[in-house]
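**Student:** What follows is model05.tsv, TSV, C-alpha atoms and all ligand atoms.
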```tsv
chain	number	residue	atom	x	y	z
R	12	MET	CA	94.53	235.09	253.41
R	13	SER	CA	95.77	234.92	256.99
R	14	GLN	CA	99.38	235.89	257.70
R	15	HIS	CA	99.37	233.79	260.85
R	16	LEU	CA	101.60	230.76	260.97
R	17	LEU	CA	98.72	228.88	262.56
R	18	ASN	CA	95.10	229.89	262.75
R	19	ILE	CA	92.51	227.80	264.58
R	20	THR	CA	88.97	229.06	264.19
R	21	HIS	CA	85.77	227.81	265.75
R	22	LEU	CA	87.22	224.39	266.60
R	23	HIS	CA	84.71	221.84	267.87
R	24	ALA	CA	85.66	218.33	268.93
R	25	GLY	CA	85.02	215.67	271.51
R	26	TYR	CA	85.06	211.99	272.34
R	27	GLY	CA	82.07	210.14	270.95
R	28	ARG	CA	78.99	211.96	272.17
R	29	ALA	CA	80.90	213.96	274.77
R	30	GLN	CA	81.67	217.32	273.21
R	31	VAL	CA	84.77	218.92	274.75
R	32	LEU	CA	85.66	221.90	272.52
R	33	PHE	CA	83.01	224.50	271.71
R	34	GLY	CA	84.53	226.89	269.18
R	35	VAL	CA	88.18	227.35	270.13
R	36	ASN	CA	89.95	230.27	268.41
R	37	LEU	CA	93.72	230.56	268.61
R	38	SER	CA	96.45	231.93	266.39
R	39	VAL	CA	100.24	231.90	266.36
R	40	ASN	CA	102.44	234.33	264.43
R	41	ALA	CA	105.82	233.24	263.07
R	42	GLY	CA	108.49	233.38	265.77
R	43	GLU	CA	105.97	233.70	268.58
R	44	VAL	CA	105.58	231.63	271.73
R	45	VAL	CA	101.97	231.04	272.63
R	46	THR	CA	100.54	229.25	275.66
R	47	LEU	CA	97.33	227.34	276.11
R	48	LEU	CA	96.34	227.78	279.75
R	49	GLY	CA	93.57	226.32	281.86
R	50	ARG	CA	92.87	224.01	284.73
R	51	ASN	CA	92.79	220.21	284.39
R	52	GLY	CA	90.30	218.82	281.92
R	53	MET	CA	89.50	222.11	280.16
R	54	GLY	CA	90.45	220.84	276.71
R	55	ARG	CA	94.09	221.78	276.21
R	56	SER	CA	95.29	218.32	275.13
R	57	THR	CA	92.11	217.83	273.12
R	58	THR	CA	92.94	220.98	271.12
R	59	ILE	CA	96.46	219.68	270.51
R	60	LYS	CA	95.17	216.25	269.42
R	61	CYS	CA	92.97	217.96	266.81
R	62	LEU	CA	95.91	220.02	265.60
R	63	PHE	CA	97.96	216.86	264.97
R	64	GLY	CA	95.21	214.83	263.35
R	65	LEU	CA	94.92	212.52	266.37
R	66	LEU	CA	91.25	213.32	267.01
R	67	PRO	CA	88.54	214.24	264.48
R	68	VAL	CA	87.60	217.89	264.11
R	69	THR	CA	83.80	218.03	264.02
R	70	GLN	CA	83.57	221.74	263.11
R	71	GLY	CA	85.95	224.60	262.47
R	72	GLU	CA	89.08	225.33	260.50
R	73	LEU	CA	92.76	224.72	261.20
R	74	VAL	CA	95.08	226.56	258.83
R	75	PHE	CA	98.86	226.13	259.01
R	76	GLN	CA	101.02	228.24	256.70
R	77	GLY	CA	98.03	228.90	254.50
R	78	GLN	CA	96.97	225.24	254.22
R	79	ARG	CA	93.90	223.61	255.73
R	80	ILE	CA	95.02	220.79	258.02
R	81	ASP	CA	91.81	219.90	259.84
R	82	ASN	CA	91.34	216.14	259.67
R	83	ALA	CA	94.48	215.71	257.56
R	84	PRO	CA	96.52	212.56	258.32
R	85	SER	CA	99.11	213.02	261.07
R	86	PHE	CA	102.08	212.20	258.84
R	87	GLN	CA	101.08	214.97	256.45
R	88	ILE	CA	100.69	217.48	259.28
R	89	ALA	CA	104.17	216.56	260.53
R	90	ARG	CA	105.56	216.97	257.02
R	91	LEU	CA	104.15	220.46	256.81
R	92	GLY	CA	106.31	221.42	259.78
R	93	LEU	CA	104.39	220.78	262.99
R	94	GLY	CA	106.37	219.01	265.72
R	95	LEU	CA	104.81	217.51	268.86
R	96	VAL	CA	106.16	216.77	272.32
R	97	PRO	CA	103.13	214.83	273.55
R	98	GLU	CA	101.67	214.66	277.03
R	99	GLY	CA	103.36	211.69	278.72
R	100	ARG	CA	106.38	212.01	276.34
R	101	GLN	CA	105.66	208.73	274.53
R	102	ILE	CA	109.23	207.94	273.67
R	103	PHE	CA	109.93	204.45	272.31
R	104	PRO	CA	110.99	202.45	275.41
R	105	ASN	CA	112.74	199.65	273.52
R	106	LEU	CA	114.77	201.90	271.23
R	107	THR	CA	118.00	203.58	272.22
R	108	VAL	CA	118.29	207.34	272.54
R	109	THR	CA	119.89	207.54	269.08
R	110	GLU	CA	117.26	205.28	267.55
R	111	ASN	CA	114.49	207.39	269.10
R	112	LEU	CA	116.04	210.51	267.60
R	113	VAL	CA	116.51	209.19	264.07
R	114	ALA	CA	113.21	207.27	263.92
R	115	THR	CA	111.15	210.21	262.69
R	116	ALA	CA	113.90	212.57	261.48
R	117	ARG	CA	113.35	214.54	258.31
R	118	THR	CA	114.84	217.58	256.62
R	119	ASN	CA	112.87	220.78	256.06
R	120	SER	CA	114.84	223.25	254.04
R	121	THR	CA	111.88	225.57	253.63
R	122	ASN	CA	111.52	227.01	257.11
R	123	GLY	CA	114.64	229.17	257.15
R	124	LEU	CA	115.76	227.82	260.55
R	125	LYS	CA	119.12	226.25	261.35
R	126	PRO	CA	118.69	222.54	260.57
R	127	TRP	CA	118.74	219.89	263.30
R	128	SER	CA	120.87	216.76	263.15
R	129	LEU	CA	121.73	214.02	265.63
R	130	ALA	CA	124.99	215.84	266.43
R	131	ARG	CA	123.21	219.14	266.99
R	132	VAL	CA	120.57	217.62	269.29
R	133	CYS	CA	123.36	215.95	271.31
R	134	GLN	CA	125.11	219.30	271.59
R	135	PHE	CA	121.88	221.01	272.61
R	136	PHE	CA	121.15	218.36	275.27
R	137	PRO	CA	124.54	217.00	276.43
R	138	ARG	CA	122.75	214.54	278.75
R	139	LEU	CA	121.38	212.81	275.66
R	140	ALA	CA	124.89	212.54	274.22
R	141	GLU	CA	125.98	210.74	277.40
R	142	ARG	CA	123.01	208.35	277.16
R	143	GLN	CA	123.08	207.70	273.41
R	144	HIS	CA	123.15	203.91	273.74
R	145	HIS	CA	120.71	203.65	276.64
R	146	LEU	CA	117.17	202.46	276.01
R	147	GLY	CA	114.33	204.94	276.30
R	148	SER	CA	113.00	202.99	279.28
R	149	GLN	CA	116.29	203.48	281.16
R	150	LEU	CA	116.11	207.27	281.17
R	151	SER	CA	115.02	209.58	283.97
R	152	GLY	CA	111.91	211.70	283.48
R	153	GLY	CA	113.99	214.75	282.61
R	154	GLU	CA	116.09	212.80	280.10
R	155	GLN	CA	112.92	211.40	278.56
R	156	GLN	CA	111.54	214.90	278.14
R	157	MET	CA	114.80	216.07	276.53
R	158	LEU	CA	114.57	213.06	274.23
R	159	ALA	CA	110.94	213.88	273.34
R	160	ILE	CA	111.97	217.46	272.52
R	161	GLY	CA	115.04	216.28	270.59
R	162	ARG	CA	112.96	213.81	268.63
R	163	ALA	CA	110.51	216.56	267.66
R	164	LEU	CA	113.39	218.88	266.69
R	165	MET	CA	114.79	216.14	264.42
R	166	THR	CA	111.70	216.64	262.23
R	167	ASN	CA	112.87	220.26	261.73
R	168	PRO	CA	109.52	221.79	262.63
R	169	SER	CA	108.40	225.37	262.00
R	170	LEU	CA	106.10	225.16	265.00
R	171	LEU	CA	106.92	223.03	268.04
R	172	VAL	CA	104.08	222.13	270.40
R	173	LEU	CA	104.78	220.95	273.96
R	174	ASP	CA	101.88	219.43	275.87
R	175	GLU	CA	103.04	219.63	279.52
R	176	ALA	CA	106.57	220.94	279.02
R	177	THR	CA	107.86	220.24	282.54
R	178	GLU	CA	105.24	218.07	284.23
R	179	GLY	CA	106.63	215.75	286.90
R	180	LEU	CA	110.19	217.05	286.63
R	181	ALA	CA	112.48	218.19	289.44
R	182	PRO	CA	113.04	221.97	289.71
R	183	LEU	CA	116.59	221.90	288.32
R	184	ILE	CA	115.55	219.88	285.28
R	185	ARG	CA	112.56	222.14	284.78
R	186	ALA	CA	114.91	225.12	284.69
R	187	GLU	CA	116.99	223.36	282.01
R	188	ILE	CA	113.89	222.79	279.91
R	189	TRP	CA	112.81	226.44	280.24
R	190	SER	CA	116.22	227.68	279.16
R	191	ALA	CA	116.25	225.25	276.22
R	192	LEU	CA	112.86	226.62	275.12
R	193	ALA	CA	114.14	230.20	275.43
R	194	GLU	CA	117.08	229.26	273.18
R	195	LEU	CA	114.74	227.77	270.61
R	196	LYS	CA	112.64	230.93	270.66
R	197	ALA	CA	115.76	233.08	270.24
R	198	GLU	CA	116.54	231.12	267.06
R	199	GLY	CA	113.15	232.00	265.67
R	200	LEU	CA	111.28	228.74	266.27
R	201	SER	CA	107.56	229.22	267.02
R	202	LEU	CA	106.17	227.38	270.03
R	203	ILE	CA	102.89	226.45	271.66
R	204	VAL	CA	103.55	225.56	275.28
R	205	ILE	CA	101.23	223.95	277.80
R	206	ASP	CA	102.44	223.93	281.38
R	207	LYS	CA	101.21	224.62	284.89
R	208	ASN	CA	104.04	226.96	285.89
R	209	LEU	CA	102.81	230.43	285.09
R	210	GLY	CA	105.99	232.26	286.14
R	211	PRO	CA	108.28	230.79	283.46
R	212	LEU	CA	105.46	230.98	280.90
R	213	LEU	CA	105.02	234.72	281.51
R	214	LYS	CA	108.75	235.19	280.84
R	215	LEU	CA	108.86	233.02	277.74
R	216	ALA	CA	105.59	233.63	275.92
R	217	ASP	CA	104.25	236.44	273.77
R	218	GLN	CA	100.57	235.51	273.86
R	219	HIS	CA	98.39	233.46	276.18
R	220	PHE	CA	95.08	231.75	275.49
R	221	VAL	CA	93.00	230.66	278.48
R	222	LEU	CA	90.67	227.70	278.01
R	223	GLU	CA	87.65	227.15	280.23
R	224	LYS	CA	85.31	224.25	279.49
R	225	GLY	CA	86.30	224.10	275.84
R	226	ARG	CA	86.14	227.83	275.09
R	227	ILE	CA	88.81	230.53	275.02
R	228	VAL	CA	87.71	232.93	277.75
R	229	TRP	CA	90.71	235.27	277.70
R	230	SER	CA	93.71	235.96	275.50
R	231	GLY	CA	96.44	238.54	275.62
R	232	SER	CA	100.10	239.33	276.20
R	233	SER	CA	102.24	238.39	279.21
R	234	ALA	CA	102.09	242.00	280.43
R	235	ALA	CA	98.30	241.96	280.19
R	236	LEU	CA	98.00	238.60	281.97
R	237	ALA	CA	100.35	239.68	284.74
R	238	ASN	CA	97.92	242.54	285.38
R	239	GLU	CA	94.87	240.27	285.59
R	240	PRO	CA	95.07	238.51	288.97
R	241	ASP	CA	91.33	237.81	288.79
R	242	ILE	CA	91.67	235.93	285.49
R	243	VAL	CA	94.62	234.00	286.84
R	244	HIS	CA	92.73	233.10	289.99
R	245	ALA	CA	89.42	232.26	288.30
R	246	TYR	CA	90.70	230.20	285.38
R	247	LEU	CA	94.09	228.93	286.41
R	248	GLY	CA	93.39	228.30	290.08
R	249	VAL	CA	96.62	229.89	291.32
L	301	LIG	N1	90.21	209.66	275.42
L	301	LIG	C1	89.21	210.30	276.02
L	301	LIG	N2	87.95	209.79	276.05
L	301	LIG	C2	86.93	210.45	276.63
L	301	LIG	N3	87.05	211.64	277.25
L	301	LIG	C3	88.27	212.20	277.26
L	301	LIG	C4	89.41	211.57	276.66
L	301	LIG	N4	90.48	212.36	276.83
L	301	LIG	C5	90.04	213.44	277.50
L	301	LIG	N5	88.71	213.36	277.77
L	301	LIG	C6	87.90	214.36	278.47
L	301	LIG	O1	87.93	215.58	277.74
L	301	LIG	C7	88.04	216.69	278.62
L	301	LIG	C8	89.27	217.53	278.25
L	301	LIG	O2	90.42	216.74	278.43
L	301	LIG	P1	91.88	217.23	278.01
L	301	LIG	O3	92.76	216.04	278.00
L	301	LIG	O4	91.80	218.03	276.77
L	301	LIG	O5	92.24	218.16	279.27
L	301	LIG	P2	93.49	219.08	279.53
L	301	LIG	O6	93.04	220.49	279.47
L	301	LIG	O7	94.61	218.67	278.67
L	301	LIG	O8	93.83	218.80	281.06
L	301	LIG	P3	94.82	217.72	281.76
L	301	LIG	O9	95.95	217.45	280.82
L	301	LIG	O10	95.26	218.38	283.00
L	301	LIG	O11	93.97	216.54	282.02
L	301	LIG	C9	88.07	216.14	280.02
L	301	LIG	O12	86.78	216.21	280.55
L	301	LIG	C10	88.49	214.70	279.83
L	301	LIG	O13	87.93	213.89	280.82
L	302	MG	MG	96.34	217.66	278.97
```
Write the structure described by the file as structure tokens, please.
Ligand SMILES: Nc1ncnc2c1ncn2[C@@H]1O[C@H](COP(=O)(O)OP(=O)(O)OP(=O)(O)O)[C@@H](O)[C@H]1O
Ligand SMILES: [Mg+2]
**Tutor:**
Amino acid sequence: MSQHLLNITHLHAGYGRAQVLFGVNLSVNAGEVVTLLGRNGMGRSTTIKCLFGLLPVTQGELVFQGQRIDNAPSFQIARLGLGLVPEGRQIFPNLTVTENLVATARTNSTNGLKPWSLARVCQFFPRLAERQHHLGSQLSGGEQQMLAIGRALMTNPSLLVLDEATEGLAPLIRAEIWSALAELKAEGLSLIVIDKNLGPLLKLADQHFVLEKGRIVWSGSSAALANEPDIVHAYLGV
């Protein structure tokens, strides 16, 4: 049996007849931060959709904490301890900040992490405390992202996945998000982070997985990636 928190093996998926993933392999150990890197359209969000039961897995295995989750219903996957901050944030525009946070809250006494509550999320993101009665639609992009993270934390996940952690945010807000993620890591929460800013990812993450046309073409530590300018140039376009 695998000791990984999450183990994705040989994942195939696509949209109708258009196959996008061709055997993705990726694993996350407990307490680790892992990135999924690649240029636009390489299959990062598609991988995440499969992980959360939002897109059918056509081949392969997804094992989370020893349980098969491929093609399981999304609510069950969330219950097992996977939390998602989706691409585009997808907060509820007509609910207040507080309502957004409590909408999907649940306890999870089994993961050994300090539990999240409305009060704790408001302490973690003081901007959300100030905006508690505002509607989701009235928030800035940065506040919306904090809300999306807070909402995922309210499910008390064991593994938090962020698809585009800082996309479209101003530099100062981005820095706030990176330091929030570092705090979460320091508490022992495991993360999968997708983002275009390699610098902060190299500081935060333990392992990187580079996707190219639906296949993992490189994986390794931050130190190893920092020493591979050719990989960075060829597959990340920076
Ligand atoms: N709903 C969809 N229907 C059909 N094709 C899709 C759909 N969503 C994505 N694709 C295609 O699947 C491929 C992978 O897309 P994916 O969203 O996984 O990319 P990505 O790596 O997350 O990049 P980015 O977020 O920058 O677009 C792309 O060719 C994209 O056009
Ligand atoms: Mg994407």
**Student:** Give me, as a Markdown table, each residue of region 85-115 of chain R that comes within 8 Å of region 131-149 of chain R, together with its shortest interatomic pair and the distance in Å at one decimal, counting all atoms listed in the file, with rows ordered by chain and rising residue number.
**Tutor:**
```
| residue | atom | partner | partner_atom | distance |
| --- | --- | --- | --- | --- |
| R:Ile102 | CA | R:Gly147 | CA | 6.5 |
| R:Phe103 | CA | R:Gly147 | CA | 6.0 |
| R:Pro104 | CA | R:Gly147 | CA | 4.3 |
| R:Asn105 | CA | R:Leu146 | CA | 5.8 |
| R:Leu106 | CA | R:Leu146 | CA | 5.4 |
| R:Thr107 | CA | R:Leu146 | CA | 4.0 |
| R:Val108 | CA | R:Gln143 | CA | 4.9 |
| R:Thr109 | CA | R:Gln143 | CA | 5.4 |
| R:Asn111 | CA | R:Gly147 | CA | 7.6 |
```
**Student:** Near region 26-36 of chain R, within 6 Å and counting only C-alpha atoms, which residues show up once chain neighbours fewer than 4 positions away are dropped, as a tab-separated table (two decimals) with C-alpha atoms, in the coordinates of the input?
**Tutor:**
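As a result, part-v8.tsv now contains:
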```
chain	number	residue	atom	x	y	z
R	19	ILE	CA	92.51	227.80	264.58
R	20	THR	CA	88.97	229.06	264.19
R	21	HIS	CA	85.77	227.81	265.75
R	22	LEU	CA	87.22	224.39	266.60
R	225	GLY	CA	86.30	224.10	275.84
R	226	ARG	CA	86.14	227.83	275.09
R	227	ILE	CA	88.81	230.53	275.02
```
**Student:** Please, what distance in Å, to one decimal, runs between CA of Arg55 (chain R) and CA of Met165 (chain R)?
**Tutor:** 24.5 Å
**Student:** Do you know which residues are at most 7 Å from Ser233 (chain R) counting only C-alpha atoms, after dropping those on the same chain fewer than 5 positions away, and could you put them as a count of residues only?
**Tutor:** 5
**Student:** Excluding same-chain residues fewer than 4 positions from Ser85 (chain R), what lies within 10 Å of it counting all atoms listed in the file, as a list in words?
**Tutor:**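 So, after excluding close chain neighbours, the residues are Lys60, Cys61, Leu62, Phe63, Gly64, Leu65, Leu66, Ile80, Ala89, Arg90, Leu91 and Leu93 of chain R.
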**Student:** Closest to Ser38 (chain R) among R:Leu209, R:Ile242, R:Leu16, R:Ile188, using all atoms listed in the file?
**Tutor:** R:Leu16
**Student:** Kindly complete region 88-121 of chain R to N, CA and C atoms; the output should be written as an mmCIF file, in the coordinates of the input.
**Tutor:**
```cif
data_model
loop_
_atom_site.group_PDB
_atom_site.id
_atom_site.type_symbol
_atom_site.label_atom_id
_atom_site.label_comp_id
_atom_site.auth_asym_id
_atom_site.auth_seq_id
_atom_site.Cartn_x
_atom_site.Cartn_y
_atom_site.Cartn_z
ATOM 1 N N ILE R 88 100.599 216.309 258.404
ATOM 2 C CA ILE R 88 100.690 217.480 259.280
ATOM 3 C C ILE R 88 102.145 217.637 259.758
ATOM 4 N N ALA R 89 102.771 216.521 260.107
ATOM 5 C CA ALA R 89 104.170 216.560 260.530
ATOM 6 C C ALA R 89 105.054 217.045 259.387
ATOM 7 N N ARG R 90 104.774 216.581 258.188
ATOM 8 C CA ARG R 90 105.560 216.970 257.020
ATOM 9 C C ARG R 90 105.474 218.457 256.719
ATOM 10 N N LEU R 91 104.317 219.030 257.049
ATOM 11 C CA LEU R 91 104.150 220.460 256.810
ATOM 12 C C LEU R 91 104.954 221.307 257.792
ATOM 13 N N GLY R 92 105.442 220.668 258.888
ATOM 14 C CA GLY R 92 106.310 221.420 259.780
ATOM 15 C C GLY R 92 105.780 221.610 261.190
ATOM 16 N N LEU R 93 104.871 220.734 261.607
ATOM 17 C CA LEU R 93 104.390 220.780 262.990
ATOM 18 C C LEU R 93 105.048 219.654 263.782
ATOM 19 N N GLY R 94 105.689 220.004 264.889
ATOM 20 C CA GLY R 94 106.370 219.010 265.720
ATOM 21 C C GLY R 94 105.694 218.927 267.082
ATOM 22 N N LEU R 95 105.525 217.701 267.589
ATOM 23 C CA LEU R 95 104.810 217.510 268.860
ATOM 24 C C LEU R 95 105.673 216.839 269.919
ATOM 25 N N VAL R 96 105.651 217.426 271.117
ATOM 26 C CA VAL R 96 106.160 216.770 272.320
ATOM 27 C C VAL R 96 104.905 216.412 273.115
ATOM 28 N N PRO R 97 104.459 215.158 273.013
ATOM 29 C CA PRO R 97 103.130 214.830 273.550
ATOM 30 C C PRO R 97 103.100 214.728 275.067
ATOM 31 N N GLU R 98 101.902 214.884 275.606
ATOM 32 C CA GLU R 98 101.670 214.660 277.030
ATOM 33 C C GLU R 98 102.122 213.225 277.319
ATOM 34 N N GLY R 99 102.887 213.037 278.385
ATOM 35 C CA GLY R 99 103.360 211.690 278.720
ATOM 36 C C GLY R 99 104.603 211.270 277.951
ATOM 37 N N ARG R 100 105.096 212.159 277.062
ATOM 38 C CA ARG R 100 106.380 212.010 276.340
ATOM 39 C C ARG R 100 106.375 210.950 275.238
ATOM 40 N N GLN R 101 105.826 209.772 275.546
ATOM 41 C CA GLN R 101 105.660 208.730 274.530
ATOM 42 C C GLN R 101 106.913 208.447 273.705
ATOM 43 N N ILE R 102 108.039 208.356 274.382
ATOM 44 C CA ILE R 102 109.230 207.940 273.670
ATOM 45 C C ILE R 102 109.173 206.416 273.486
ATOM 46 N N PHE R 103 109.947 205.899 272.552
ATOM 47 C CA PHE R 103 109.930 204.450 272.310
ATOM 48 C C PHE R 103 110.803 203.778 273.375
ATOM 49 N N PRO R 104 110.213 202.979 274.285
ATOM 50 C CA PRO R 104 110.990 202.450 275.410
ATOM 51 C C PRO R 104 112.052 201.448 275.007
ATOM 52 N N ASN R 105 111.803 200.716 273.909
ATOM 53 C CA ASN R 105 112.740 199.650 273.520
ATOM 54 C C ASN R 105 113.741 200.078 272.471
ATOM 55 N N LEU R 106 113.756 201.372 272.148
ATOM 56 C CA LEU R 106 114.770 201.900 271.230
ATOM 57 C C LEU R 106 115.779 202.699 272.039
ATOM 58 N N THR R 107 116.994 202.760 271.542
ATOM 59 C CA THR R 107 118.000 203.580 272.220
ATOM 60 C C THR R 107 117.700 205.060 271.977
ATOM 61 N N VAL R 108 118.432 205.881 272.703
ATOM 62 C CA VAL R 108 118.290 207.340 272.540
ATOM 63 C C VAL R 108 118.509 207.705 271.070
ATOM 64 N N THR R 109 119.595 207.224 270.489
ATOM 65 C CA THR R 109 119.890 207.540 269.080
ATOM 66 C C THR R 109 118.777 207.054 268.165
ATOM 67 N N GLU R 110 118.324 205.817 268.416
ATOM 68 C CA GLU R 110 117.260 205.280 267.550
ATOM 69 C C GLU R 110 115.973 206.099 267.677
ATOM 70 N N ASN R 111 115.654 206.529 268.909
ATOM 71 C CA ASN R 111 114.490 207.390 269.100
ATOM 72 C C ASN R 111 114.624 208.675 268.269
ATOM 73 N N LEU R 112 115.844 209.216 268.271
ATOM 74 C CA LEU R 112 116.040 210.510 267.600
ATOM 75 C C LEU R 112 115.965 210.383 266.078
ATOM 76 N N VAL R 113 116.482 209.284 265.542
ATOM 77 C CA VAL R 113 116.510 209.190 264.070
ATOM 78 C C VAL R 113 115.222 208.583 263.508
ATOM 79 N N ALA R 114 114.396 207.991 264.394
ATOM 80 C CA ALA R 114 113.210 207.270 263.920
ATOM 81 C C ALA R 114 112.302 208.127 263.041
ATOM 82 N N THR R 115 112.099 209.375 263.435
ATOM 83 C CA THR R 115 111.150 210.210 262.690
ATOM 84 C C THR R 115 111.826 211.435 262.067
ATOM 85 N N ALA R 116 113.171 211.398 261.994
ATOM 86 C CA ALA R 116 113.900 212.570 261.480
ATOM 87 C C ALA R 116 113.542 212.868 260.031
ATOM 88 N N ARG R 117 113.533 214.134 259.700
ATOM 89 C CA ARG R 117 113.350 214.540 258.310
ATOM 90 C C ARG R 117 113.970 215.920 258.122
ATOM 91 N N THR R 118 114.308 216.242 256.890
ATOM 92 C CA THR R 118 114.840 217.580 256.620
ATOM 93 C C THR R 118 113.673 218.490 256.245
ATOM 94 N N ASN R 119 113.887 219.792 256.421
ATOM 95 C CA ASN R 119 112.870 220.780 256.060
ATOM 96 C C ASN R 119 113.631 222.044 255.708
ATOM 97 N N SER R 120 113.981 222.137 254.449
ATOM 98 C CA SER R 120 114.840 223.250 254.040
ATOM 99 C C SER R 120 114.039 224.526 253.815
ATOM 100 N N THR R 121 112.718 224.428 254.000
ATOM 101 C CA THR R 121 111.880 225.570 253.630
ATOM 102 C C THR R 121 111.588 226.518 254.786
#
```
